[in-house]
Amino acid sequence: MADTKKIKKCPHCFREIANDEAGFLIHADGARFQSPALGSYLSPKTDTVYEIFWSSMGIPEEQIDSRRIIIDNDSITELNQELMSSGRDLAAKRYNEESCGYTFQVDEGPITVFSNTMVCPFCHNILPHHFFKYDMIRIGLAGSVASGKTVYLCSLVMNGYEAMQRENLFVRSSAGSVVDDYKLEMDRNADRLYLYGICPESTSKTFRKPLFLEMTYRIDDKVLPLIVAIYDVAGELLGEAVGNGRTGFVRHMDGYIYLVDPAQMHLEHSLITSVVPDESTILSGLHVMTRQEQSNIQRLSNENGKQLMNQDDFLIASKGGAGYLTERRVETVMDNFRSMLGEPELSRKYMALTIAKSDLLEDLGEILEYTGSSLLFERNQPGTGFINTDHHFLRQDILKQIFDQKVFRLQRNLADYKESSLFAMSALGCETKEEMDGAQKVVKAVGPVRPMRIEDPVLWMVMKYMQERGWLE
């Protein structure tokens with residue numbers, strides 16, 4: 001008999017698990033059983049393991065829906081012992097060849113309880129469909145506070161992943177359960193964005209469940225399936241030490257999409273004055289670094305072969321202030337990656353450096369002066385393949401100039417990654433405004449939502465992942 005054991009790393013707690021170790025989430029739908037054993041084991045209880053995991057990730061206890069039915073290997077053994085002693089049918093755990101996972105089933109007369117929703121035995125989070133069968137690429141969606149990461153994810157989900165579909169590329173949800181709370185939340189947010197132009201609230205100091213996508217790419221006579229897990233990295237957490245609480249997962253990513261907000265760019269246009277606080281507000285939250293702090297930063301800069309910082313870089317946000325500059329500086333976030341991961345680990349990661357909300361730059365004279373800049377605002381979607389590689393390479397030259405002159409020096413920030421690329425996209429493709437929705441203030445799109453090449457950073461990374469493994473040869 002072929003070996004059916006598969007070992008993978010949990011996409012939530014990142015511990016290695018085997019398919020025969022996985023437990024099951026059960027939906028008994030209020031069924032009433034004759035057997036006391038079934039009634040006891042298949043009734044909702046507080047899932048302490050699940051509750052502890054999400055509490056450690058910054059979710060308040062009252063927001064964690066921990067009343068669940070979880071059946072693990074020990075539960076199945078104990079349940080079968082009780083069922084056997086009472087002459088009842090046994091609970092069966094069966095290998096599923098199609099998914100390389102297992103299913104759980106127990107029958108009592110006309111009542112059948114069945115589950116193929118597997119959970120990690122260590123953190124009790126739901127595992128995606130085909131988790132043990134397909135390879136998985138893990139992508140961290142990073143950026144500063146309020147750079148548009150959550151809206152970006154909603155735009156990917158919107159309208160059935162329409163932006164990502166191609167004639168030879170099929171994308172669908174790989175959430176392990178149709179009633180997964182995060183999947184339902186994302187679907188609701190995507191519908192609100194698509195139908196009413198209402199933007200979702202930003203992520204705040206929490207580890208959010210990843211968005212799981214199943215991609216099937218067809219080339220010639222080959223069918224290449226892959227699970228893509230996209231993690232929303234709360235920007236204000238990136239300065240925390242790696243391994244502590246909600247930031248340890250960052251080191252497990254295969255690559256990052258870093259969204260650069262136009263407000264982080266050195267633009268002369270009045271665009272940035274609408275989102276950047278006035279000078280007096282910024283200065284009120286700053287203090288000048290001490291001589292020792294300056295020396296420490298210069299020492300680190302020299303050790304990493306970086307350009308010495310100028311006088312402005314010695315202004316940092318005070319602990320009691322909003323921390324606006326330190327959180328939003330592109331260099332700060334990139335340096336946090338470097339310090340959290342170390343250069344050897346960086347050499348194993350992809351980096352897709354992406355200007356977000358790039359539609360806001362479309363009419364800026366200082367952007368239009370770059371030769372060929374109209375390519376940055378192209379909205380035509382390719383019919384096949386991952387991305388339009390010809391246009392992508394043409395955009396690289398323009399974006400290199402813009403990043404070097406308007407954002408930061410690329411070479412010293414990207415040289416240590418395994419591979420990097422530059423992108424310009426827009427999750428909305430229109431402006432936004434605040435307005436009241438009943439008693440609640442919401443941010444709404446002005447005009448139709450028209451995302452612009454939002455899929456490119458994800459598909460570029462998937463393409464590189466497949467090329468590296470020789471799948472596309």
# chains A, B, ... in the order shown; residues from 1 in each chain; ligands from 1
$ residues_around --residues "stretch 411-417 of chain A" --least-positions-apart "4" --cutoff "12 Å" --atoms "only C-alpha atoms" --output "VMD selection string"
chain A and resid 254 to 256 258 301 304 to 308 330 to 338 341 to 353 400 to 401 403 to 404 407 421 to 422
$ residues_around --residues "stretch 449-457 of chain A" --least-positions-apart "4" --cutoff "6 Å" --atoms "only C-alpha atoms" --output "number ranges by chain"
A: 164, 352, 379, 425-429
$ write_last_selection --atoms "C-alpha atoms" --output "mmCIF file, in the first residue's frame"
data_model
loop_
_atom_site.group_PDB
_atom_site.id
_atom_site.type_symbol
_atom_site.label_atom_id
_atom_site.label_comp_id
_atom_site.auth_asym_id
_atom_site.auth_seq_id
_atom_site.Cartn_x
_atom_site.Cartn_y
_atom_site.Cartn_z
ATOM 1 C CA MET A 164 -7.205 37.057 -11.279
ATOM 2 C CA ALA A 352 7.068 42.801 -4.622
ATOM 3 C CA ARG A 379 -5.967 48.906 -17.185
ATOM 4 C CA MET A 425 -1.574 49.235 -8.894
ATOM 5 C CA SER A 426 -4.784 50.515 -7.342
ATOM 6 C CA ALA A 427 -7.221 48.520 -5.238
ATOM 7 C CA LEU A 428 -10.060 50.996 -5.832
ATOM 8 C CA GLY A 429 -9.210 52.986 -8.955
#
$ residues_around --residues "A:Ile126" --least-positions-apart "4" --cutoff "6 Å" --atoms "only C-alpha atoms" --output "VMD selection string"
chain A and resid 118 to 119 176
$ select_by_dssp --residues "stretch 354-393 of chain A" --states "alpha helix (DSSP H)" --output "list in words"
Gly365, Glu366, Ile367, Leu368, Thr389, Asp390, His391, His392 and Phe393 of chain A
$ residues_around --residues "A:Met253" --least-positions-apart "5" --cutoff "7 Å" --atoms "only C-alpha atoms" --output "ChimeraX atom specification"
/A:138-140
$ closest_residue --among "A:Asp220, A:Gly87, A:Met466, A:Ser66" --to "A:Asp181" --atoms "only C-alpha atoms"
A:Ser66
$ residues_around --residues "A:Thr371" --least-positions-apart "5" --cutoff "12 Å" --atoms "only C-alpha atoms" --output "ChimeraX atom specification"
/A:365-366,376,394-395,397-399,401-402
$ write_last_selection --atoms "N, CA and C atoms" --output "PDB file, in the first residue's frame"
ATOM      1  N   GLY A 365       1.868  66.073 -12.688  1.00  0.00           N
ATOM      2  CA  GLY A 365       2.877  66.451 -13.659  1.00  0.00           C
ATOM      3  C   GLY A 365       4.230  65.851 -13.358  1.00  0.00           C
ATOM      4  N   GLU A 366       4.586  65.756 -12.059  1.00  0.00           N
ATOM      5  CA  GLU A 366       5.909  65.238 -11.710  1.00  0.00           C
ATOM      6  C   GLU A 366       6.023  63.737 -11.943  1.00  0.00           C
ATOM      7  N   LEU A 376       2.083  52.955 -16.483  1.00  0.00           N
ATOM      8  CA  LEU A 376       1.795  52.708 -15.079  1.00  0.00           C
ATOM      9  C   LEU A 376       0.302  52.653 -14.813  1.00  0.00           C
ATOM     10  N   LEU A 394       8.805  46.790 -19.151  1.00  0.00           N
ATOM     11  CA  LEU A 394       8.884  48.198 -19.520  1.00  0.00           C
ATOM     12  C   LEU A 394       8.587  49.091 -18.309  1.00  0.00           C
ATOM     13  N   ARG A 395       7.624  48.670 -17.480  1.00  0.00           N
ATOM     14  CA  ARG A 395       7.281  49.447 -16.297  1.00  0.00           C
ATOM     15  C   ARG A 395       8.427  49.482 -15.282  1.00  0.00           C
ATOM     16  N   ASP A 397      11.639  49.959 -15.613  1.00  0.00           N
ATOM     17  CA  ASP A 397      12.554  51.089 -15.787  1.00  0.00           C
ATOM     18  C   ASP A 397      11.944  52.388 -15.267  1.00  0.00           C
ATOM     19  N   ILE A 398      10.650  52.583 -15.539  1.00  0.00           N
ATOM     20  CA  ILE A 398       9.976  53.800 -15.068  1.00  0.00           C
ATOM     21  C   ILE A 398       9.892  53.795 -13.549  1.00  0.00           C
ATOM     22  N   LEU A 399       9.501  52.654 -12.983  1.00  0.00           N
ATOM     23  CA  LEU A 399       9.326  52.569 -11.536  1.00  0.00           C
ATOM     24  C   LEU A 399      10.655  52.687 -10.793  1.00  0.00           C
ATOM     25  N   GLN A 401      13.126  54.587 -11.617  1.00  0.00           N
ATOM     26  CA  GLN A 401      13.402  56.024 -11.540  1.00  0.00           C
ATOM     27  C   GLN A 401      12.538  56.688 -10.472  1.00  0.00           C
ATOM     28  N   ILE A 402      11.244  56.331 -10.456  1.00  0.00           N
ATOM     29  CA  ILE A 402      10.327  56.954  -9.502  1.00  0.00           C
ATOM     30  C   ILE A 402      10.710  56.594  -8.072  1.00  0.00           C
TER      31      ILE A 402
END
$ atom_distance --atom1 "atom CA of A:Leu79" --atom2 "atom CA of A:Ile17"
22.8 Å
$ closest_residue --among "A:Glu98, A:Asp74, A:Asp47, A:Asp3" --to "A:Leu25" --atoms "only C-alpha atoms"
A:Asp47
$ closest_residue --among "A:Glu268, A:Asp29, A:Glu82, A:Glu162" --to "A:Leu361" --atoms "only C-alpha atoms"
A:Glu268
$ select_by_dssp --residues "stretch 68-249 of chain A" --states "strand (DSSP E or B)" --output "PyMOL selection string"
chain A and resi 68+70-71+92-96+101-108+111-115+118-119+126+136-143+169-173+198+211-219+222-232
$ closest_residue --among "A:Ile227, A:Leu211, A:Cys430, A:Met186" --to "A:Lys444" --atoms "only C-alpha atoms"
A:Cys430
